[in-house]
Amino acid sequence: MPYDPAKSFAPVAGLGKSPLLLVTRNGLGVDSVAELVSVMKTRQLSMASAGIGNVTHLAGEYVAALMGYKVTHVPFSGSAPAILGLIGDNVDVMFDALPSSMHQAKAGKIRPLAILDDRRFPLLPDVPTLKESGYANGETSAWIAIVAPAQTPRSAVLEINKAVNDALLKPEVAQKFHSIGEQPMAGTPEDLGNFMAAERARWLPLVKSLGVKLD
């Protein structure tokens with residue numbers, strides 16, 4: 001990239017984050033992470049993602065390493081076609097954000113096995129966390145935030161941050177976020193900066209070890 005994400009932007013405000021959901025095609029015939037791992041011991045499964053380097057790709061590789069198995073990565077041009085690939089039994093598993101997977105899972109078109117968060121999601125109360133399924137440290141989310149050019153005046157950053165936080169704290173906004181599988185991400189610019197730094201520290205080594213490159 002012609003810029004450095006860590007230096008070129010000023011963190012302004014978090015908007016929302018969505019825990020990832022481990023889902024499989026119905027035809028795979030598994031109902032739990034343990035059953036999935038048993039199948040993976042017998043053959044290498046295909047893993048859909050929303051694109052190379054996308055968090056749905058990195059999370060899948062990361063959790064695969066936790067579980068001690070390998071998958072064949074099948075990148076799609078977004079989550080929607082990837083989910084359609086699962087529904088059509090063309091790929092086996094996916095680690096997808098809740099907004100694009102939750103409703104298909106609730107409708108029974110794909111099978112949810114675990115949520116990659118430290119607690120269960122209220123709209124999917126019967127789906128265990130990955131930790132409950134025996135694999136700790138797998139918490140992963142897709143997130144959205146506002147950043148500005150690094151030279152943006154502090155007063156402007158704080159004004160935008162306050163406006164966003166005021167909106168996120170409204171019950172009707174929070175409820176709308178939850179209904180689509182998002183968690184409001186209110187906080188200070190420093191909170192967002194620390195979160196982004198932690199995300200870079202977590203994912204960059206995996207990107208380098210995988211040799212991930214944009215097409």
# chains A, B, ... in the order shown; residues from 1 in each chain; ligands from 1
call {"tool": "residues_around", "arguments": {"residues": "Pro149 (chain A)", "least_positions_apart": "5", "cutoff": "7 Å", "atoms": "only C-alpha atoms", "output": "PyMOL selection string"}}
result
chain A and resi 8-10
call {"tool": "residues_around", "arguments": {"residues": "Leu45 (chain A)", "least_positions_apart": "6", "cutoff": "7 Å", "atoms": "only C-alpha atoms", "output": "ChimeraX atom specification"}}
result
/A:71-72,92
call {"tool": "select_by_dssp", "arguments": {"residues": "region 38-118 of chain A", "states": "alpha helix (DSSP H)", "output": "PDB file with N, CA, C and O atoms, in the first residue's frame"}}
result
ATOM      1  N   SER A  38     -13.317 -34.440  13.955  1.00  0.00           N
ATOM      2  CA  SER A  38     -13.235 -35.863  13.611  1.00  0.00           C
ATOM      3  C   SER A  38     -13.238 -36.056  12.094  1.00  0.00           C
ATOM      4  O   SER A  38     -12.478 -36.869  11.556  1.00  0.00           O
ATOM      5  N   VAL A  39     -14.074 -35.282  11.403  1.00  0.00           N
ATOM      6  CA  VAL A  39     -14.108 -35.370   9.939  1.00  0.00           C
ATOM      7  C   VAL A  39     -12.799 -34.862   9.352  1.00  0.00           C
ATOM      8  O   VAL A  39     -12.251 -35.440   8.396  1.00  0.00           O
ATOM      9  N   MET A  40     -12.259 -33.802   9.923  1.00  0.00           N
ATOM     10  CA  MET A  40     -11.029 -33.217   9.397  1.00  0.00           C
ATOM     11  C   MET A  40      -9.822 -34.131   9.568  1.00  0.00           C
ATOM     12  O   MET A  40      -8.819 -33.975   8.877  1.00  0.00           O
ATOM     13  N   VAL A  55     -10.631 -10.882   6.997  1.00  0.00           N
ATOM     14  CA  VAL A  55     -10.607 -11.484   8.329  1.00  0.00           C
ATOM     15  C   VAL A  55     -11.233 -12.872   8.330  1.00  0.00           C
ATOM     16  O   VAL A  55     -10.857 -13.742   9.127  1.00  0.00           O
ATOM     17  N   THR A  56     -12.181 -13.123   7.428  1.00  0.00           N
ATOM     18  CA  THR A  56     -12.774 -14.460   7.358  1.00  0.00           C
ATOM     19  C   THR A  56     -11.758 -15.489   6.875  1.00  0.00           C
ATOM     20  O   THR A  56     -11.856 -16.669   7.202  1.00  0.00           O
ATOM     21  N   HIS A  57     -10.783 -15.056   6.093  1.00  0.00           N
ATOM     22  CA  HIS A  57      -9.682 -15.925   5.667  1.00  0.00           C
ATOM     23  C   HIS A  57      -8.691 -16.123   6.815  1.00  0.00           C
ATOM     24  O   HIS A  57      -8.352 -17.256   7.176  1.00  0.00           O
ATOM     25  N   LEU A  58      -8.244 -15.015   7.406  1.00  0.00           N
ATOM     26  CA  LEU A  58      -7.231 -15.096   8.461  1.00  0.00           C
ATOM     27  C   LEU A  58      -7.747 -15.847   9.681  1.00  0.00           C
ATOM     28  O   LEU A  58      -7.025 -16.657  10.273  1.00  0.00           O
ATOM     29  N   ALA A  59      -9.002 -15.593  10.058  1.00  0.00           N
ATOM     30  CA  ALA A  59      -9.573 -16.293  11.213  1.00  0.00           C
ATOM     31  C   ALA A  59      -9.630 -17.786  10.965  1.00  0.00           C
ATOM     32  O   ALA A  59      -9.353 -18.595  11.860  1.00  0.00           O
ATOM     33  N   GLY A  60     -10.000 -18.171   9.747  1.00  0.00           N
ATOM     34  CA  GLY A  60     -10.061 -19.593   9.430  1.00  0.00           C
ATOM     35  C   GLY A  60      -8.710 -20.256   9.536  1.00  0.00           C
ATOM     36  O   GLY A  60      -8.573 -21.351  10.107  1.00  0.00           O
ATOM     37  N   GLU A  61      -7.676 -19.610   9.013  1.00  0.00           N
ATOM     38  CA  GLU A  61      -6.326 -20.167   9.105  1.00  0.00           C
ATOM     39  C   GLU A  61      -5.860 -20.208  10.567  1.00  0.00           C
ATOM     40  O   GLU A  61      -5.205 -21.160  11.001  1.00  0.00           O
ATOM     41  N   TYR A  62      -6.213 -19.168  11.321  1.00  0.00           N
ATOM     42  CA  TYR A  62      -5.805 -19.080  12.726  1.00  0.00           C
ATOM     43  C   TYR A  62      -6.440 -20.196  13.553  1.00  0.00           C
ATOM     44  O   TYR A  62      -5.759 -20.898  14.308  1.00  0.00           O
ATOM     45  N   VAL A  63      -7.750 -20.375  13.399  1.00  0.00           N
ATOM     46  CA  VAL A  63      -8.441 -21.416  14.161  1.00  0.00           C
ATOM     47  C   VAL A  63      -8.016 -22.802  13.679  1.00  0.00           C
ATOM     48  O   VAL A  63      -7.905 -23.740  14.472  1.00  0.00           O
ATOM     49  N   ALA A  64      -7.759 -22.926  12.388  1.00  0.00           N
ATOM     50  CA  ALA A  64      -7.275 -24.204  11.872  1.00  0.00           C
ATOM     51  C   ALA A  64      -5.981 -24.597  12.577  1.00  0.00           C
ATOM     52  O   ALA A  64      -5.778 -25.761  12.958  1.00  0.00           O
ATOM     53  N   ALA A  65      -5.104 -23.612  12.778  1.00  0.00           N
ATOM     54  CA  ALA A  65      -3.850 -23.894  13.476  1.00  0.00           C
ATOM     55  C   ALA A  65      -4.113 -24.289  14.927  1.00  0.00           C
ATOM     56  O   ALA A  65      -3.449 -25.188  15.466  1.00  0.00           O
ATOM     57  N   LEU A  66      -5.093 -23.628  15.577  1.00  0.00           N
ATOM     58  CA  LEU A  66      -5.437 -23.990  16.956  1.00  0.00           C
ATOM     59  C   LEU A  66      -5.902 -25.445  17.037  1.00  0.00           C
ATOM     60  O   LEU A  66      -5.574 -26.162  17.986  1.00  0.00           O
ATOM     61  N   MET A  67      -6.674 -25.867  16.043  1.00  0.00           N
ATOM     62  CA  MET A  67      -7.247 -27.206  16.047  1.00  0.00           C
ATOM     63  C   MET A  67      -6.292 -28.261  15.504  1.00  0.00           C
ATOM     64  O   MET A  67      -6.548 -29.456  15.642  1.00  0.00           O
ATOM     65  N   SER A  79     -18.744 -12.069   1.316  1.00  0.00           N
ATOM     66  CA  SER A  79     -19.384 -13.075   2.165  1.00  0.00           C
ATOM     67  C   SER A  79     -20.636 -13.675   1.536  1.00  0.00           C
ATOM     68  O   SER A  79     -20.902 -14.864   1.682  1.00  0.00           O
ATOM     69  N   ALA A  80     -21.422 -12.854   0.833  1.00  0.00           N
ATOM     70  CA  ALA A  80     -22.680 -13.352   0.270  1.00  0.00           C
ATOM     71  C   ALA A  80     -22.459 -14.516  -0.700  1.00  0.00           C
ATOM     72  O   ALA A  80     -23.090 -15.573  -0.558  1.00  0.00           O
ATOM     73  N   PRO A  81     -21.557 -14.397  -1.685  1.00  0.00           N
ATOM     74  CA  PRO A  81     -21.332 -15.553  -2.564  1.00  0.00           C
ATOM     75  C   PRO A  81     -20.687 -16.728  -1.842  1.00  0.00           C
ATOM     76  O   PRO A  81     -20.923 -17.887  -2.213  1.00  0.00           O
ATOM     77  N   ALA A  82     -19.899 -16.447  -0.808  1.00  0.00           N
ATOM     78  CA  ALA A  82     -19.302 -17.543  -0.043  1.00  0.00           C
ATOM     79  C   ALA A  82     -20.383 -18.338   0.689  1.00  0.00           C
ATOM     80  O   ALA A  82     -20.357 -19.576   0.709  1.00  0.00           O
ATOM     81  N   ILE A  83     -21.337 -17.635   1.289  1.00  0.00           N
ATOM     82  CA  ILE A  83     -22.438 -18.311   1.973  1.00  0.00           C
ATOM     83  C   ILE A  83     -23.266 -19.117   0.977  1.00  0.00           C
ATOM     84  O   ILE A  83     -23.707 -20.237   1.265  1.00  0.00           O
ATOM     85  N   LEU A  84     -23.469 -18.563  -0.218  1.00  0.00           N
ATOM     86  CA  LEU A  84     -24.193 -19.312  -1.247  1.00  0.00           C
ATOM     87  C   LEU A  84     -23.433 -20.583  -1.615  1.00  0.00           C
ATOM     88  O   LEU A  84     -24.045 -21.616  -1.917  1.00  0.00           O
ATOM     89  N   GLY A  85     -22.099 -20.511  -1.584  1.00  0.00           N
ATOM     90  CA  GLY A  85     -21.297 -21.702  -1.832  1.00  0.00           C
ATOM     91  C   GLY A  85     -21.532 -22.771  -0.786  1.00  0.00           C
ATOM     92  O   GLY A  85     -21.579 -23.970  -1.098  1.00  0.00           O
ATOM     93  N   LEU A  86     -21.705 -22.349   0.466  1.00  0.00           N
ATOM     94  CA  LEU A  86     -22.026 -23.299   1.533  1.00  0.00           C
ATOM     95  C   LEU A  86     -23.424 -23.884   1.346  1.00  0.00           C
ATOM     96  O   LEU A  86     -23.626 -25.091   1.471  1.00  0.00           O
ATOM     97  N   ILE A  87     -24.377 -23.015   1.059  1.00  0.00           N
ATOM     98  CA  ILE A  87     -25.752 -23.482   0.876  1.00  0.00           C
ATOM     99  C   ILE A  87     -25.834 -24.485  -0.272  1.00  0.00           C
ATOM    100  O   ILE A  87     -26.589 -25.459  -0.218  1.00  0.00           O
ATOM    101  N   LEU A  98     -21.305 -12.232  11.708  1.00  0.00           N
ATOM    102  CA  LEU A  98     -22.714 -12.494  11.986  1.00  0.00           C
ATOM    103  C   LEU A  98     -23.692 -11.803  11.034  1.00  0.00           C
ATOM    104  O   LEU A  98     -24.706 -12.405  10.666  1.00  0.00           O
ATOM    105  N   PRO A  99     -23.465 -10.547  10.615  1.00  0.00           N
ATOM    106  CA  PRO A  99     -24.474  -9.916   9.755  1.00  0.00           C
ATOM    107  C   PRO A  99     -24.786 -10.686   8.475  1.00  0.00           C
ATOM    108  O   PRO A  99     -25.912 -10.629   7.976  1.00  0.00           O
ATOM    109  N   SER A 100     -23.815 -11.408   7.934  1.00  0.00           N
ATOM    110  CA  SER A 100     -24.059 -12.136   6.685  1.00  0.00           C
ATOM    111  C   SER A 100     -24.333 -13.622   6.887  1.00  0.00           C
ATOM    112  O   SER A 100     -24.748 -14.303   5.952  1.00  0.00           O
ATOM    113  N   SER A 101     -24.134 -14.129   8.105  1.00  0.00           N
ATOM    114  CA  SER A 101     -24.317 -15.573   8.326  1.00  0.00           C
ATOM    115  C   SER A 101     -25.438 -15.915   9.305  1.00  0.00           C
ATOM    116  O   SER A 101     -26.029 -16.992   9.229  1.00  0.00           O
ATOM    117  N   MET A 102     -25.749 -15.006  10.222  1.00  0.00           N
ATOM    118  CA  MET A 102     -26.666 -15.335  11.311  1.00  0.00           C
ATOM    119  C   MET A 102     -28.053 -15.729  10.807  1.00  0.00           C
ATOM    120  O   MET A 102     -28.614 -16.745  11.237  1.00  0.00           O
ATOM    121  N   HIS A 103     -28.604 -14.944   9.888  1.00  0.00           N
ATOM    122  CA  HIS A 103     -29.972 -15.218   9.456  1.00  0.00           C
ATOM    123  C   HIS A 103     -30.059 -16.506   8.635  1.00  0.00           C
ATOM    124  O   HIS A 103     -31.043 -17.248   8.736  1.00  0.00           O
ATOM    125  N   GLN A 104     -29.025 -16.801   7.855  1.00  0.00           N
ATOM    126  CA  GLN A 104     -29.010 -18.060   7.111  1.00  0.00           C
ATOM    127  C   GLN A 104     -28.876 -19.242   8.066  1.00  0.00           C
ATOM    128  O   GLN A 104     -29.478 -20.306   7.840  1.00  0.00           O
ATOM    129  N   ALA A 105     -28.131 -19.046   9.149  1.00  0.00           N
ATOM    130  CA  ALA A 105     -27.999 -20.104  10.152  1.00  0.00           C
ATOM    131  C   ALA A 105     -29.320 -20.318  10.881  1.00  0.00           C
ATOM    132  O   ALA A 105     -29.761 -21.456  11.097  1.00  0.00           O
ATOM    133  N   LYS A 106     -29.997 -19.221  11.252  1.00  0.00           N
ATOM    134  CA  LYS A 106     -31.278 -19.340  11.950  1.00  0.00           C
ATOM    135  C   LYS A 106     -32.340 -19.974  11.056  1.00  0.00           C
ATOM    136  O   LYS A 106     -33.244 -20.651  11.540  1.00  0.00           O
TER     137      LYS A 106
END
call {"tool": "atom_distance", "arguments": {"atom1": "CA of Ser49 (chain A)", "atom2": "CA of Asp89 (chain A)"}}
result
14.5 Å
call {"tool": "residues_around", "arguments": {"residues": "Gly211 (chain A)", "least_positions_apart": "4", "cutoff": "12 Å", "atoms": "only C-alpha atoms", "output": "PDB file with all heavy atoms, in the first residue's frame"}}
result
ATOM      1  N   ILE A  52      -9.131 -13.146  -0.189  1.00  0.00           N
ATOM      2  CA  ILE A  52      -7.774 -13.336   0.324  1.00  0.00           C
ATOM      3  C   ILE A  52      -7.389 -12.177   1.238  1.00  0.00           C
ATOM      4  O   ILE A  52      -7.538 -11.011   0.882  1.00  0.00           O
ATOM      5  CB  ILE A  52      -6.772 -13.443  -0.842  1.00  0.00           C
ATOM      6  CG1 ILE A  52      -7.065 -14.691  -1.684  1.00  0.00           C
ATOM      7  CG2 ILE A  52      -5.337 -13.488  -0.329  1.00  0.00           C
ATOM      8  CD1 ILE A  52      -6.235 -14.796  -2.949  1.00  0.00           C
ATOM      9  N   GLY A  53      -6.910 -12.506   2.439  1.00  0.00           N
ATOM     10  CA  GLY A  53      -6.498 -11.485   3.397  1.00  0.00           C
ATOM     11  C   GLY A  53      -7.639 -10.911   4.215  1.00  0.00           C
ATOM     12  O   GLY A  53      -7.403 -10.181   5.179  1.00  0.00           O
ATOM     13  N   LEU A  58      -8.244 -15.015   7.406  1.00  0.00           N
ATOM     14  CA  LEU A  58      -7.231 -15.096   8.461  1.00  0.00           C
ATOM     15  C   LEU A  58      -7.747 -15.847   9.681  1.00  0.00           C
ATOM     16  O   LEU A  58      -7.025 -16.657  10.273  1.00  0.00           O
ATOM     17  CB  LEU A  58      -6.785 -13.690   8.858  1.00  0.00           C
ATOM     18  CG  LEU A  58      -6.154 -12.851   7.738  1.00  0.00           C
ATOM     19  CD1 LEU A  58      -5.739 -11.491   8.272  1.00  0.00           C
ATOM     20  CD2 LEU A  58      -4.964 -13.566   7.121  1.00  0.00           C
ATOM     21  N   LEU A 204      -0.654  -9.456  11.706  1.00  0.00           N
ATOM     22  CA  LEU A 204       0.472  -9.299  10.784  1.00  0.00           C
ATOM     23  C   LEU A 204       1.403 -10.513  10.760  1.00  0.00           C
ATOM     24  O   LEU A 204       1.819 -10.952   9.680  1.00  0.00           O
ATOM     25  CB  LEU A 204       1.258  -8.023  11.107  1.00  0.00           C
ATOM     26  CG  LEU A 204       0.643  -6.727  10.572  1.00  0.00           C
ATOM     27  CD1 LEU A 204       1.469  -5.521  10.999  1.00  0.00           C
ATOM     28  CD2 LEU A 204       0.529  -6.755   9.056  1.00  0.00           C
ATOM     29  N   PRO A 205       1.753 -11.101  11.918  1.00  0.00           N
ATOM     30  CA  PRO A 205       2.602 -12.298  11.851  1.00  0.00           C
ATOM     31  C   PRO A 205       1.958 -13.437  11.074  1.00  0.00           C
ATOM     32  O   PRO A 205       2.648 -14.165  10.344  1.00  0.00           O
ATOM     33  CB  PRO A 205       2.800 -12.672  13.333  1.00  0.00           C
ATOM     34  CG  PRO A 205       2.615 -11.384  14.068  1.00  0.00           C
ATOM     35  CD  PRO A 205       1.543 -10.662  13.314  1.00  0.00           C
ATOM     36  N   LEU A 206       0.627 -13.587  11.208  1.00  0.00           N
ATOM     37  CA  LEU A 206      -0.062 -14.655  10.468  1.00  0.00           C
ATOM     38  C   LEU A 206      -0.052 -14.359   8.974  1.00  0.00           C
ATOM     39  O   LEU A 206       0.187 -15.249   8.155  1.00  0.00           O
ATOM     40  CB  LEU A 206      -1.501 -14.791  10.965  1.00  0.00           C
ATOM     41  CG  LEU A 206      -2.348 -15.868  10.266  1.00  0.00           C
ATOM     42  CD1 LEU A 206      -1.733 -17.246  10.462  1.00  0.00           C
ATOM     43  CD2 LEU A 206      -3.783 -15.840  10.776  1.00  0.00           C
ATOM     44  N   VAL A 207      -0.296 -13.099   8.602  1.00  0.00           N
ATOM     45  CA  VAL A 207      -0.266 -12.715   7.188  1.00  0.00           C
ATOM     46  C   VAL A 207       1.104 -13.043   6.589  1.00  0.00           C
ATOM     47  O   VAL A 207       1.214 -13.600   5.488  1.00  0.00           O
ATOM     48  CB  VAL A 207      -0.580 -11.211   7.035  1.00  0.00           C
ATOM     49  CG1 VAL A 207      -0.289 -10.738   5.612  1.00  0.00           C
ATOM     50  CG2 VAL A 207      -2.034 -10.933   7.385  1.00  0.00           C
TER      51      VAL A 207
END
call {"tool": "residues_around", "arguments": {"residues": "Val173 (chain A)", "least_positions_apart": "2", "cutoff": "12 Å", "atoms": "only C-alpha atoms", "output": "mmCIF file with all heavy atoms, in the first residue's frame"}}
result
data_model
loop_
_atom_site.group_PDB
_atom_site.id
_atom_site.type_symbol
_atom_site.label_atom_id
_atom_site.label_comp_id
_atom_site.auth_asym_id
_atom_site.auth_seq_id
_atom_site.Cartn_x
_atom_site.Cartn_y
_atom_site.Cartn_z
ATOM 1 N N LEU A 15 -17.221 1.980 15.548
ATOM 2 C CA LEU A 15 -18.650 1.905 15.242
ATOM 3 C C LEU A 15 -19.246 0.608 15.754
ATOM 4 O O LEU A 15 -20.112 0.604 16.613
ATOM 5 C CB LEU A 15 -18.874 2.039 13.736
ATOM 6 C CG LEU A 15 -18.568 3.401 13.129
ATOM 7 C CD1 LEU A 15 -18.735 3.361 11.617
ATOM 8 C CD2 LEU A 15 -19.462 4.464 13.729
ATOM 9 N N GLY A 16 -18.777 -0.511 15.253
ATOM 10 C CA GLY A 16 -19.316 -1.787 15.699
ATOM 11 C C GLY A 16 -18.390 -2.926 15.363
ATOM 12 O O GLY A 16 -17.541 -2.824 14.475
ATOM 13 N N VAL A 164 -20.473 10.285 17.467
ATOM 14 C CA VAL A 164 -20.643 8.850 17.223
ATOM 15 C C VAL A 164 -21.040 8.135 18.510
ATOM 16 O O VAL A 164 -21.969 7.316 18.533
ATOM 17 C CB VAL A 164 -19.350 8.240 16.636
ATOM 18 C CG1 VAL A 164 -19.451 6.721 16.595
ATOM 19 C CG2 VAL A 164 -19.088 8.796 15.242
ATOM 20 N N ASN A 165 -20.329 8.433 19.598
ATOM 21 C CA ASN A 165 -20.646 7.777 20.867
ATOM 22 C C ASN A 165 -22.053 8.102 21.345
ATOM 23 O O ASN A 165 -22.756 7.233 21.867
ATOM 24 C CB ASN A 165 -19.623 8.172 21.937
ATOM 25 C CG ASN A 165 -18.303 7.459 21.769
ATOM 26 O OD1 ASN A 165 -18.237 6.377 21.206
ATOM 27 N ND2 ASN A 165 -17.232 8.071 22.258
ATOM 28 N N ASP A 166 -22.461 9.356 21.176
ATOM 29 C CA ASP A 166 -23.816 9.745 21.572
ATOM 30 C C ASP A 166 -24.850 8.922 20.811
ATOM 31 O O ASP A 166 -25.870 8.498 21.366
ATOM 32 C CB ASP A 166 -24.050 11.235 21.317
ATOM 33 C CG ASP A 166 -23.309 12.123 22.310
ATOM 34 O OD1 ASP A 166 -22.814 11.588 23.328
ATOM 35 O OD2 ASP A 166 -23.218 13.335 22.053
ATOM 36 N N ALA A 167 -24.584 8.681 19.531
ATOM 37 C CA ALA A 167 -25.516 7.891 18.724
ATOM 38 C C ALA A 167 -25.511 6.430 19.155
ATOM 39 O O ALA A 167 -26.569 5.804 19.286
ATOM 40 C CB ALA A 167 -25.154 8.007 17.246
ATOM 41 N N LEU A 168 -24.320 5.871 19.387
ATOM 42 C CA LEU A 168 -24.213 4.458 19.751
ATOM 43 C C LEU A 168 -24.863 4.141 21.090
ATOM 44 O O LEU A 168 -25.299 3.011 21.335
ATOM 45 C CB LEU A 168 -22.743 4.025 19.782
ATOM 46 C CG LEU A 168 -22.008 3.991 18.448
ATOM 47 C CD1 LEU A 168 -20.542 3.606 18.668
ATOM 48 C CD2 LEU A 168 -22.667 3.014 17.482
ATOM 49 N N LEU A 169 -24.932 5.146 21.966
ATOM 50 C CA LEU A 169 -25.509 4.929 23.290
ATOM 51 C C LEU A 169 -27.031 5.030 23.304
ATOM 52 O O LEU A 169 -27.657 4.742 24.325
ATOM 53 C CB LEU A 169 -24.903 5.920 24.289
ATOM 54 C CG LEU A 169 -23.414 5.707 24.588
ATOM 55 C CD1 LEU A 169 -22.877 6.827 25.484
ATOM 56 C CD2 LEU A 169 -23.171 4.349 25.231
ATOM 57 N N LYS A 170 -27.635 5.410 22.186
ATOM 58 C CA LYS A 170 -29.094 5.451 22.115
ATOM 59 C C LYS A 170 -29.632 4.025 22.053
ATOM 60 O O LYS A 170 -29.163 3.220 21.249
ATOM 61 C CB LYS A 170 -29.539 6.243 20.888
ATOM 62 C CG LYS A 170 -29.222 7.729 20.964
ATOM 63 C CD LYS A 170 -29.723 8.463 19.730
ATOM 64 C CE LYS A 170 -29.430 9.952 19.830
ATOM 65 N NZ LYS A 170 -29.895 10.692 18.623
ATOM 66 N N PRO A 171 -30.599 3.679 22.902
ATOM 67 C CA PRO A 171 -31.110 2.302 22.940
ATOM 68 C C PRO A 171 -31.578 1.790 21.585
ATOM 69 O O PRO A 171 -31.353 0.635 21.243
ATOM 70 C CB PRO A 171 -32.275 2.394 23.935
ATOM 71 C CG PRO A 171 -31.931 3.553 24.812
ATOM 72 C CD PRO A 171 -31.234 4.535 23.923
ATOM 73 N N GLN A 175 -30.039 -1.451 19.757
ATOM 74 C CA GLN A 175 -30.921 -2.563 19.420
ATOM 75 C C GLN A 175 -30.814 -2.921 17.941
ATOM 76 O O GLN A 175 -30.801 -4.105 17.577
ATOM 77 C CB GLN A 175 -32.370 -2.203 19.756
ATOM 78 C CG GLN A 175 -33.387 -3.271 19.355
ATOM 79 C CD GLN A 175 -33.111 -4.621 19.991
ATOM 80 O OE1 GLN A 175 -32.685 -4.700 21.139
ATOM 81 N NE2 GLN A 175 -33.339 -5.702 19.242
ATOM 82 N N LYS A 176 -30.711 -1.919 17.083
ATOM 83 C CA LYS A 176 -30.574 -2.175 15.651
ATOM 84 C C LYS A 176 -29.268 -2.902 15.368
ATOM 85 O O LYS A 176 -29.215 -3.847 14.564
ATOM 86 C CB LYS A 176 -30.638 -0.859 14.871
ATOM 87 C CG LYS A 176 -30.539 -1.036 13.369
ATOM 88 C CD LYS A 176 -31.714 -1.844 12.826
ATOM 89 C CE LYS A 176 -31.674 -1.932 11.318
ATOM 90 N NZ LYS A 176 -32.781 -2.758 10.778
ATOM 91 N N PHE A 177 -28.201 -2.477 16.025
ATOM 92 C CA PHE A 177 -26.904 -3.142 15.864
ATOM 93 C C PHE A 177 -27.016 -4.613 16.248
ATOM 94 O O PHE A 177 -26.589 -5.502 15.512
ATOM 95 C CB PHE A 177 -25.841 -2.450 16.726
ATOM 96 C CG PHE A 177 -25.080 -1.359 16.024
ATOM 97 C CD1 PHE A 177 -25.745 -0.270 15.467
ATOM 98 C CD2 PHE A 177 -23.707 -1.406 15.921
ATOM 99 C CE1 PHE A 177 -25.060 0.735 14.821
ATOM 100 C CE2 PHE A 177 -23.002 -0.403 15.279
ATOM 101 C CZ PHE A 177 -23.684 0.677 14.730
ATOM 102 N N HIS A 178 -27.590 -4.884 17.411
ATOM 103 C CA HIS A 178 -27.705 -6.265 17.891
ATOM 104 C C HIS A 178 -28.551 -7.116 16.956
ATOM 105 O O HIS A 178 -28.283 -8.302 16.766
ATOM 106 C CB HIS A 178 -28.278 -6.284 19.307
ATOM 107 C CG HIS A 178 -27.312 -5.874 20.369
ATOM 108 N ND1 HIS A 178 -26.141 -6.561 20.620
ATOM 109 C CD2 HIS A 178 -27.333 -4.833 21.235
ATOM 110 C CE1 HIS A 178 -25.478 -5.963 21.609
ATOM 111 N NE2 HIS A 178 -26.178 -4.915 21.991
ATOM 112 N N SER A 179 -29.563 -6.517 16.354
ATOM 113 C CA SER A 179 -30.472 -7.283 15.503
ATOM 114 C C SER A 179 -29.782 -7.808 14.253
ATOM 115 O O SER A 179 -30.233 -8.788 13.651
ATOM 116 C CB SER A 179 -31.680 -6.426 15.114
ATOM 117 O OG SER A 179 -31.327 -5.422 14.172
ATOM 118 N N ILE A 180 -28.698 -7.165 13.837
ATOM 119 C CA ILE A 180 -27.973 -7.629 12.653
ATOM 120 C C ILE A 180 -26.667 -8.331 13.019
ATOM 121 O O ILE A 180 -25.860 -8.663 12.138
ATOM 122 C CB ILE A 180 -27.698 -6.470 11.676
ATOM 123 C CG1 ILE A 180 -26.804 -5.408 12.322
ATOM 124 C CG2 ILE A 180 -28.984 -5.860 11.167
ATOM 125 C CD1 ILE A 180 -26.295 -4.365 11.350
ATOM 126 N N GLU A 182 -24.244 -7.121 15.257
ATOM 127 C CA GLU A 182 -23.155 -6.192 15.568
ATOM 128 C C GLU A 182 -23.225 -5.769 17.032
ATOM 129 O O GLU A 182 -24.311 -5.661 17.600
ATOM 130 C CB GLU A 182 -23.243 -4.942 14.689
ATOM 131 C CG GLU A 182 -22.953 -5.164 13.226
ATOM 132 C CD GLU A 182 -21.475 -5.130 12.891
ATOM 133 O OE1 GLU A 182 -20.650 -4.884 13.800
ATOM 134 O OE2 GLU A 182 -21.133 -5.360 11.717
ATOM 135 N N GLN A 183 -22.052 -5.505 17.608
ATOM 136 C CA GLN A 183 -21.972 -4.963 18.959
ATOM 137 C C GLN A 183 -21.464 -3.524 18.876
ATOM 138 O O GLN A 183 -20.413 -3.282 18.267
ATOM 139 C CB GLN A 183 -21.012 -5.802 19.813
ATOM 140 C CG GLN A 183 -21.433 -7.249 19.955
ATOM 141 C CD GLN A 183 -20.337 -8.129 20.532
ATOM 142 O OE1 GLN A 183 -19.165 -7.746 20.554
ATOM 143 N NE2 GLN A 183 -20.703 -9.305 20.998
ATOM 144 N N PRO A 184 -22.186 -2.534 19.438
ATOM 145 C CA PRO A 184 -21.700 -1.156 19.403
ATOM 146 C C PRO A 184 -20.307 -1.057 20.010
ATOM 147 O O PRO A 184 -19.981 -1.753 20.977
ATOM 148 C CB PRO A 184 -22.724 -0.396 20.246
ATOM 149 C CG PRO A 184 -23.966 -1.218 20.156
ATOM 150 C CD PRO A 184 -23.493 -2.649 20.109
ATOM 151 N N MET A 185 -19.483 -0.188 19.445
ATOM 152 C CA MET A 185 -18.065 -0.127 19.808
ATOM 153 C C MET A 185 -17.702 1.273 20.296
ATOM 154 O O MET A 185 -16.763 1.905 19.816
ATOM 155 C CB MET A 185 -17.238 -0.507 18.579
ATOM 156 C CG MET A 185 -15.825 -0.958 18.828
ATOM 157 S SD MET A 185 -15.079 -1.453 17.250
ATOM 158 C CE MET A 185 -13.359 -1.582 17.738
ATOM 159 N N ALA A 186 -18.482 1.772 21.249
ATOM 160 C CA ALA A 186 -18.235 3.115 21.766
ATOM 161 C C ALA A 186 -16.913 3.158 22.525
ATOM 162 O O ALA A 186 -16.464 2.155 23.083
ATOM 163 C CB ALA A 186 -19.389 3.542 22.671
#
